[in-house]
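Everything below belongs to run-v9.txt, which stores compact mmCIF, C-alpha atoms.
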# COMPACT_ATOMS: atom_id res chain seq x y z
CA MET A 1 -31.44 -36.93 31.44
CA ARG A 2 -29.78 -39.03 28.76
CA GLN A 3 -31.11 -36.61 26.09
CA VAL A 4 -29.54 -33.68 27.96
CA GLU A 5 -26.18 -35.48 28.11
CA GLN A 6 -26.35 -36.27 24.38
CA LEU A 7 -27.19 -32.66 23.58
CA THR A 8 -24.32 -31.41 25.75
CA SER A 9 -21.89 -33.78 24.02
CA LEU A 10 -23.13 -32.65 20.60
CA LEU A 11 -22.67 -28.99 21.46
CA LEU A 12 -19.16 -29.69 22.75
CA LEU A 13 -18.24 -31.51 19.54
CA CYS A 14 -19.62 -28.63 17.44
CA SER A 15 -17.60 -26.12 19.45
CA ILE A 16 -14.42 -28.15 18.96
CA ALA A 17 -15.12 -28.52 15.23
CA CYS A 18 -15.73 -24.79 14.84
CA PHE A 19 -12.48 -23.99 16.63
CA VAL A 20 -10.45 -26.42 14.53
CA LEU A 21 -11.97 -25.14 11.31
CA GLY A 22 -11.40 -21.53 12.29
CA LEU A 23 -15.10 -20.66 12.20
CA THR A 24 -15.12 -18.75 15.46
CA GLY A 25 -13.91 -15.55 13.78
CA SER A 26 -10.90 -15.38 16.08
CA ASN A 27 -7.49 -14.28 14.81
CA SER A 28 -5.76 -15.89 17.76
CA LYS A 29 -2.18 -17.13 17.71
CA GLU A 30 -3.53 -20.61 17.02
CA GLY A 31 -5.37 -19.35 13.92
CA LYS A 32 -4.04 -18.59 10.45
CA PRO A 33 -2.20 -15.24 10.33
CA ILE A 34 -3.49 -12.54 7.99
CA THR A 35 -1.02 -11.15 5.46
CA VAL A 36 -1.13 -7.79 3.71
CA ILE A 37 1.37 -6.93 0.97
CA PHE A 38 2.28 -3.35 0.11
CA GLY A 39 4.01 -2.60 -3.19
CA GLY A 40 5.66 0.60 -4.39
CA ASP A 41 4.78 3.08 -7.11
CA VAL A 42 3.14 1.66 -10.24
CA ALA A 43 2.86 3.65 -13.46
CA LEU A 44 1.46 1.70 -16.41
CA VAL A 45 2.90 4.14 -18.92
CA GLN A 46 5.07 4.17 -22.04
CA GLU A 47 7.04 0.91 -22.23
CA VAL A 48 4.64 -0.83 -19.85
CA GLU A 49 1.68 -0.39 -22.19
CA LYS A 50 3.84 -1.51 -25.11
CA ARG A 51 4.67 -4.76 -23.28
CA ILE A 52 1.02 -5.28 -22.39
CA ASP A 53 0.05 -4.83 -26.03
CA GLU A 54 2.77 -7.21 -27.18
CA TYR A 55 2.70 -9.93 -24.53
CA GLY A 56 -0.68 -9.60 -22.78
CA GLU A 57 -1.94 -8.55 -19.36
CA ASP A 58 -0.04 -11.25 -17.46
CA TYR A 59 3.43 -10.20 -18.62
CA VAL A 60 4.11 -7.27 -16.28
CA PHE A 61 3.38 -8.91 -12.92
CA GLY A 62 3.74 -12.53 -13.99
CA GLY A 63 7.01 -12.95 -12.10
CA ILE A 64 5.47 -12.07 -8.72
CA ARG A 65 1.85 -13.04 -9.33
CA ASP A 66 1.94 -16.19 -7.17
CA LEU A 67 3.50 -14.26 -4.31
CA LEU A 68 0.85 -11.54 -4.52
CA GLN A 69 -2.09 -13.92 -4.73
CA LYS A 70 -1.05 -15.82 -1.61
CA ALA A 71 -1.63 -12.69 0.48
CA ASP A 72 -5.03 -11.85 1.92
CA VAL A 73 -4.79 -8.24 0.72
CA THR A 74 -2.41 -6.54 -1.71
CA ALA A 75 -2.07 -2.78 -2.14
CA ILE A 76 -0.05 -0.42 -4.33
CA ASN A 77 0.21 3.27 -5.13
CA LEU A 78 -1.21 3.79 -8.62
CA GLU A 79 0.99 6.63 -9.81
CA ALA A 80 -0.56 7.19 -13.24
CA PRO A 81 -4.33 7.72 -13.61
CA LEU A 82 -6.34 5.51 -15.95
CA THR A 83 -8.03 7.82 -18.42
CA LEU A 84 -8.53 8.54 -22.11
CA SER A 85 -8.67 12.29 -21.54
CA ASN A 86 -6.15 14.41 -23.43
CA LYS A 87 -6.91 17.70 -21.69
CA LYS A 88 -4.12 18.44 -19.23
CA THR A 89 -4.85 20.07 -15.90
CA PRO A 90 -2.74 23.22 -15.42
CA LYS A 91 -0.07 22.79 -12.74
CA PRO A 92 3.24 24.44 -11.85
CA THR A 93 6.62 23.20 -13.05
CA PRO A 94 8.61 21.41 -10.33
CA PRO A 95 12.04 22.79 -9.40
CA GLY A 96 14.78 21.57 -11.73
CA LEU A 97 12.44 20.70 -14.62
CA LYS A 98 11.59 22.64 -17.75
CA GLU A 99 7.92 21.67 -17.72
CA PRO A 100 5.40 19.76 -15.61
CA VAL A 101 5.31 15.96 -15.83
CA TYR A 102 2.00 14.42 -16.87
CA LEU A 103 1.23 10.72 -16.59
CA LYS A 104 -1.68 8.58 -17.70
CA ALA A 105 -2.48 5.08 -18.91
CA ARG A 106 -5.39 3.60 -20.78
CA PRO A 107 -8.18 2.22 -18.58
CA ALA A 108 -7.83 -1.09 -20.42
CA SER A 109 -4.23 -1.35 -19.20
CA GLY A 110 -5.59 -1.66 -15.69
CA LYS A 111 -6.48 -5.27 -16.46
CA THR A 112 -2.86 -6.14 -15.69
CA LEU A 113 -3.55 -5.09 -12.09
CA SER A 114 -6.59 -7.31 -11.68
CA HIS A 115 -4.82 -10.24 -13.36
CA ALA A 116 -2.00 -9.87 -10.82
CA GLY A 117 -4.47 -9.97 -7.94
CA PHE A 118 -4.19 -6.45 -6.52
CA ASP A 119 -7.04 -5.59 -4.17
CA VAL A 120 -6.39 -1.95 -3.23
CA VAL A 121 -4.93 1.06 -5.05
CA PHE A 122 -3.85 4.23 -3.26
CA LEU A 123 -4.80 7.25 -5.37
CA ALA A 124 -3.65 10.16 -3.19
CA ASN A 125 -0.70 11.30 -5.29
CA ASN A 126 0.59 14.16 -7.42
CA HIS A 127 -0.55 12.68 -10.75
CA ILE A 128 -4.10 11.51 -10.05
CA ALA A 129 -5.62 14.76 -11.43
CA ASP A 130 -3.14 15.32 -14.27
CA TYR A 131 -5.98 15.27 -16.80
CA GLU A 132 -9.51 16.56 -16.81
CA ASP A 133 -11.80 13.90 -15.32
CA SER A 134 -8.84 11.59 -14.60
CA VAL A 135 -9.81 11.22 -10.93
CA LEU A 136 -13.31 9.97 -11.72
CA ASP A 137 -12.10 7.97 -14.71
CA THR A 138 -9.55 6.15 -12.55
CA VAL A 139 -11.98 5.42 -9.73
CA LYS A 140 -14.48 4.05 -12.23
CA ALA A 141 -11.87 1.98 -14.06
CA VAL A 142 -10.42 0.23 -11.01
CA ARG A 143 -13.83 -0.46 -9.52
CA ALA A 144 -14.90 -2.07 -12.78
CA LEU A 145 -11.90 -4.38 -12.38
CA GLY A 146 -12.92 -5.36 -8.86
CA ILE A 147 -10.14 -3.27 -7.27
CA LYS A 148 -10.92 -0.88 -4.41
CA PRO A 149 -9.63 2.71 -4.60
CA VAL A 150 -8.81 4.87 -1.59
CA GLY A 151 -7.49 8.41 -1.20
CA ALA A 152 -9.35 10.08 -4.07
CA GLY A 153 -12.91 10.51 -5.25
CA GLU A 154 -15.71 12.72 -6.47
CA ASN A 155 -15.48 15.06 -3.49
CA ARG A 156 -13.80 15.67 -0.13
CA ASP A 157 -15.89 13.13 1.75
CA ALA A 158 -15.10 10.40 -0.75
CA ALA A 159 -11.37 11.22 -0.86
CA TYR A 160 -10.91 11.08 2.93
CA ARG A 161 -13.22 8.12 3.50
CA PRO A 162 -11.36 5.06 4.82
CA LEU A 163 -11.57 1.80 2.95
CA VAL A 164 -12.54 -0.88 5.48
CA LEU A 165 -11.97 -4.53 4.61
CA GLU A 166 -12.73 -7.53 6.80
CA VAL A 167 -10.64 -10.68 6.70
CA ARG A 168 -11.54 -13.59 8.96
CA GLY A 169 -13.29 -11.33 11.42
CA VAL A 170 -10.54 -8.67 11.53
CA LYS A 171 -11.45 -5.22 10.23
CA MET A 172 -8.67 -3.28 8.50
CA ALA A 173 -8.94 0.35 7.43
CA PHE A 174 -6.80 1.78 4.63
CA LEU A 175 -6.16 5.51 4.16
CA ALA A 176 -4.03 7.53 1.75
CA PHE A 177 -2.84 11.14 1.84
CA CYS A 178 -0.78 13.25 -0.57
CA ASP A 179 1.82 15.83 0.49
CA VAL A 180 3.33 16.55 -2.93
CA TYR A 181 2.40 19.53 -5.16
CA PRO A 182 0.06 20.69 -6.59
CA THR A 183 -2.32 21.44 -3.74
CA SER A 184 -4.98 22.20 -6.35
CA PHE A 185 -5.37 18.43 -6.68
CA GLU A 186 -6.96 18.28 -3.22
CA ALA A 187 -10.61 17.26 -3.32
CA GLY A 188 -13.14 19.95 -2.50
CA GLU A 189 -16.66 19.90 -1.18
CA ARG A 190 -17.94 19.47 -4.73
CA ARG A 191 -14.68 18.95 -6.62
CA PRO A 192 -13.01 15.63 -7.47
CA GLY A 193 -9.50 15.21 -6.15
CA CYS A 194 -7.38 13.46 -3.56
CA ALA A 195 -6.96 13.48 0.20
CA TRP A 196 -4.34 16.00 1.30
CA ALA A 197 -1.87 15.49 4.14
CA HIS A 198 -2.99 18.28 6.44
CA VAL A 199 -1.81 17.44 9.95
CA GLU A 200 -5.18 18.15 11.52
CA ARG A 201 -7.01 16.18 8.85
CA ILE A 202 -4.71 13.16 9.25
CA GLU A 203 -5.32 13.24 13.00
CA SER A 204 -9.09 13.32 12.70
CA VAL A 205 -9.44 10.87 9.81
CA VAL A 206 -7.08 8.28 11.30
CA ARG A 207 -8.76 8.57 14.69
CA GLU A 208 -12.18 8.05 13.10
CA ALA A 209 -10.90 5.07 11.09
CA LYS A 210 -9.52 3.50 14.24
CA SER A 211 -12.98 3.66 15.77
CA GLN A 212 -14.28 1.61 12.85
CA ALA A 213 -11.52 -0.98 12.51
CA ASP A 214 -9.08 -3.15 14.44
CA LEU A 215 -6.13 -1.97 12.35
CA VAL A 216 -5.38 1.17 10.37
CA PHE A 217 -2.86 1.26 7.52
CA VAL A 218 -1.81 4.71 6.28
CA ASN A 219 -0.18 5.41 2.93
CA LEU A 220 1.64 8.75 2.67
CA HIS A 221 2.74 10.17 -0.65
CA PHE A 222 5.51 12.39 0.61
CA GLY A 223 9.20 13.27 0.61
CA GLY A 224 11.58 14.43 -2.10
CA GLN A 225 12.04 12.63 -5.39
CA ASP A 226 15.36 10.70 -5.45
CA SER A 227 15.97 11.53 -1.79
CA THR A 228 17.10 8.62 0.38
CA VAL A 229 16.75 10.66 3.58
CA PRO A 230 13.33 11.33 5.17
CA SER A 231 12.63 15.01 5.62
CA SER A 232 11.46 16.57 8.87
CA ARG A 233 8.05 16.89 7.23
CA GLN A 234 7.93 13.16 6.53
CA LYS A 235 8.82 12.38 10.13
CA LEU A 236 6.12 14.76 11.37
CA LEU A 237 3.40 13.25 9.18
CA ALA A 238 4.36 9.68 10.06
CA LYS A 239 4.34 10.50 13.77
CA THR A 240 1.00 12.27 13.38
CA ALA A 241 -0.55 9.16 11.82
CA LEU A 242 0.89 6.85 14.49
CA ASP A 243 -0.16 9.07 17.38
CA ALA A 244 -3.70 9.19 15.98
CA GLY A 245 -3.93 5.41 15.97
CA ALA A 246 -2.33 4.11 12.76
CA ASP A 247 -0.78 0.66 13.10
CA MET A 248 1.55 0.95 10.09
CA VAL A 249 2.72 3.72 7.76
CA VAL A 250 3.92 3.06 4.20
CA GLY A 251 5.43 5.81 2.07
CA ASN A 252 5.69 6.44 -1.65
CA HIS A 253 6.91 9.13 -4.08
CA PRO A 254 10.72 9.35 -3.69
CA HIS A 255 10.99 6.43 -6.19
CA VAL A 256 14.00 5.17 -4.22
CA LEU A 257 14.30 3.34 -0.92
CA GLN A 258 14.28 5.26 2.34
CA PRO A 259 14.81 4.09 5.95
CA ILE A 260 12.61 1.88 8.07
CA ALA A 261 11.66 2.64 11.66
CA VAL A 262 9.65 0.98 14.41
CA SER A 263 7.93 3.32 16.83
CA GLU A 264 6.43 1.65 19.91
CA GLY A 265 6.03 -1.55 17.94
CA LYS A 266 4.52 0.15 14.90
CA PRO A 267 6.44 -0.03 11.58
CA VAL A 268 7.13 3.00 9.39
CA LEU A 269 8.49 2.44 5.89
CA PHE A 270 9.29 5.93 4.65
CA SER A 271 9.62 4.83 1.01
CA ILE A 272 9.46 1.34 -0.45
CA GLY A 273 10.59 2.51 -3.90
CA ASN A 274 9.06 1.60 -7.22
CA LEU A 275 7.35 -1.58 -8.28
CA VAL A 276 6.81 -0.67 -11.95
CA TYR A 277 8.05 2.68 -13.22
CA PRO A 278 9.66 2.59 -16.69
CA MET A 279 12.69 4.81 -16.15
CA PRO A 280 16.21 3.58 -17.07
CA ILE A 281 17.64 4.47 -13.65
CA TYR A 282 19.06 1.65 -11.53
CA SER A 283 17.93 3.06 -8.17
CA TRP A 284 14.41 3.42 -9.58
CA SER A 285 14.38 -0.28 -10.52
CA ILE A 286 14.91 -1.46 -6.94
CA GLY A 287 12.10 -1.65 -4.41
CA ILE A 288 10.62 -3.88 -1.76
CA LEU A 289 7.36 -5.67 -1.23
CA ALA A 290 6.40 -5.29 2.42
CA ARG A 291 4.39 -8.26 3.68
CA ALA A 292 2.77 -7.52 7.04
CA THR A 293 1.78 -10.47 9.21
CA ILE A 294 -1.20 -9.86 11.49
CA VAL A 295 -1.80 -12.02 14.54
CA ASP A 296 -4.14 -11.21 17.43
CA ARG A 297 -5.22 -8.06 15.58
CA LYS A 298 -1.69 -6.65 15.65
CA VAL A 299 1.05 -6.22 13.05
CA GLN A 300 3.63 -8.62 14.46
CA ARG A 301 6.26 -8.56 11.72
CA VAL A 302 6.85 -7.16 8.27
CA GLU A 303 8.78 -9.22 5.75
CA LEU A 304 10.96 -7.24 3.34
CA ILE A 305 11.03 -8.83 -0.11
CA PRO A 306 13.49 -7.08 -2.45
CA VAL A 307 12.29 -6.71 -6.03
CA GLN A 308 14.01 -5.50 -9.16
CA THR A 309 12.27 -4.37 -12.34
CA ILE A 310 13.77 -5.84 -15.49
CA ASP A 311 13.00 -4.80 -19.05
CA LEU A 312 11.78 -1.51 -17.49
CA THR A 313 8.44 -3.18 -16.85
CA LYS A 314 8.65 -6.55 -15.06
CA PRO A 315 9.29 -6.76 -11.28
CA LEU A 316 10.94 -9.92 -9.97
CA ALA A 317 11.72 -11.00 -6.43
CA ILE A 318 15.50 -11.21 -5.96
CA PRO A 319 17.78 -12.56 -3.20
CA GLY A 320 18.69 -8.92 -2.59
CA HIS A 321 21.09 -9.23 0.36
CA HIS A 322 22.71 -6.00 -0.80
CA VAL A 323 19.31 -4.29 -0.67
CA LEU A 324 18.67 -5.47 2.88
CA ASP A 325 22.16 -4.46 3.99
CA TYR A 326 21.58 -1.03 2.47
CA LEU A 327 18.24 -0.65 4.26
CA TYR A 328 19.89 -1.62 7.53
CA ARG A 329 22.64 0.99 7.12
CA ILE A 330 20.34 3.87 6.27
CA SER A 331 17.88 2.94 9.02
CA LYS A 332 20.39 3.11 11.90
CA GLU A 333 19.24 6.66 12.69
CA PHE A 334 15.97 5.15 13.93
CA GLY A 335 17.53 2.49 16.13
CA ASP A 336 19.27 -0.83 15.70
CA LEU A 337 16.96 -3.11 13.69
CA PRO A 338 19.25 -6.12 13.07
CA SER A 339 16.40 -8.25 11.72
CA ILE A 340 16.35 -6.10 8.57
CA LYS A 341 19.35 -8.06 7.29
CA ASP A 342 17.34 -11.24 7.70
CA GLY A 343 14.54 -9.81 5.58
CA PHE A 344 11.96 -8.74 8.12
CA ILE A 345 11.09 -6.24 10.84
CA LYS A 346 9.97 -7.67 14.15
CA CYS A 347 7.15 -5.60 15.64
CA GLY A 348 5.69 -8.02 18.21
CA ASP A 349 6.34 -11.42 19.77
CA TYR A 350 5.33 -13.47 16.72
CA SER A 351 8.02 -15.53 15.00
CA ALA A 352 8.09 -17.23 11.62
CA GLU A 353 8.38 -20.58 13.42
CA HIS A 354 5.11 -19.97 15.32
Re-express the file's structure as structure tokens.
Amino acid sequence: MRQVEQLTSLLLLCSIACFVLGLTGSNSKEGKPITVIFGGDVALVQEVEKRIDEYGEDYVFGGIRDLLQKADVTAINLEAPLTLSNKKTPKPTPPGLKEPVYLKARPASGKTLSHAGFDVVFLANNHIADYEDSVLDTVKAVRALGIKPVGAGENRDAAYRPLVLEVRGVKMAFLAFCDVYPTSFEAGERRPGCAWAHVERIESVVREAKSQADLVFVNLHFGGQDSTVPSSRQKLLAKTALDAGADMVVGNHPHVLQPIAVSEGKPVLFSIGNLVYPMPIYSWSIGILARATIVDRKVQRVELIPVQTIDLTKPLAIPGHHVLDYLYRISKEFGDLPSIKDGFIKCGDYSAEH
């Protein structure tokens, strides 16, 4: 009898120890929250590569590296493919321009991403196939750096396949879709390319991802360049993703900030601007890092961290009250979100003091 009592006491002590140490796999309110940071468009081109050559791989993201590495997962849209190819893929000229815009960076320049601590790159965008073989070259390059790509691949199945990561027992699926010309960049059954933002495809892919994971994060490359107002198409695609089961939608491509909305507790950031894009335009130098806090397998709040790119190449976190005030003003169409001015969006009942 005494042996049974001793065994019972031992088991109880082990259970308490496992709970205290967080070994039960629970993401309860008593456990450590999971954080996921989303950054804006990143193009390691022109001046960026010059700075890397001159100052090393740590220069570009050195100012926010500590912030990034404290998160459990960090993700960005990689706007310029990593390739040595010089053969351009034919594509139409966008309205208002004299010729198409082609972007690329050396695969070796991608080391600046791994040094910064990025975990995920979204590749569903309008530049991923700018050069022959640039889709496969980019996928290969980021994987070699230990970074996980999503939204593009060697064929349709690979491009639309969700990236599922598990952090402390919580499964998170990441998806990316492009809605910006040229449609010829869409992956085919046997053709490399990216995932395209067909409404029906978003519905089915997001629904399938939700069956595999606790949370689904959707990146949409959509909207008009320089536009601060979400189009009806952007609203449709965001709603489509949410209705299919997405827990958060993050947008890229406009290169400037667009409004924030919360739909039934789920955050939509239509455009978080640029993180690194070497253009001497003030509005293109301002963006936000969106840090989602996950508790009880739900996105409970999203912190809005204003960033400004200096020297065309180096993003820094700034006090940015003017940025938050601006976001609040342009977001009023989607409801009164007063917490924006305090630097976060409240999506659930979690508080920073928890």
Neighbour list for Val256 in chain A as a compact mmCIF listing (two decimals) with C-alpha atoms, keeping the file's coordinate frame, cut-off 6 Å, all atoms listed in the file, skip fewer than 2 positions in-chain:
# COMPACT_ATOMS: atom_id res chain seq x y z
CA ASP A 226 15.36 10.70 -5.45
CA PRO A 254 10.72 9.35 -3.69
CA GLY A 273 10.59 2.51 -3.90
CA SER A 283 17.93 3.06 -8.17
CA TRP A 284 14.41 3.42 -9.58
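Here the question is which of A:Lys148, A:Arg297, A:Lys266, A:His127 gets nearest to Val42 in chain A using all atoms listed in the file, and that residue is A:His127.
Using all atoms listed in the file, the nearest neighbour of Phe222 in chain A within the list A:Asp130, A:Leu82, A:Ala124, A:Ser285 is A:Ala124.
In this model, the gap between CA of Gly245 in chain A and CA of Gly40 in chain A comes to 23.0 Å.
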Original post:
Using all atoms listed in the file, which of A:Lys171, A:His253, A:His322, A:Arg51 sits nearest Lys210 in chain A?
Top reply: A:Lys171
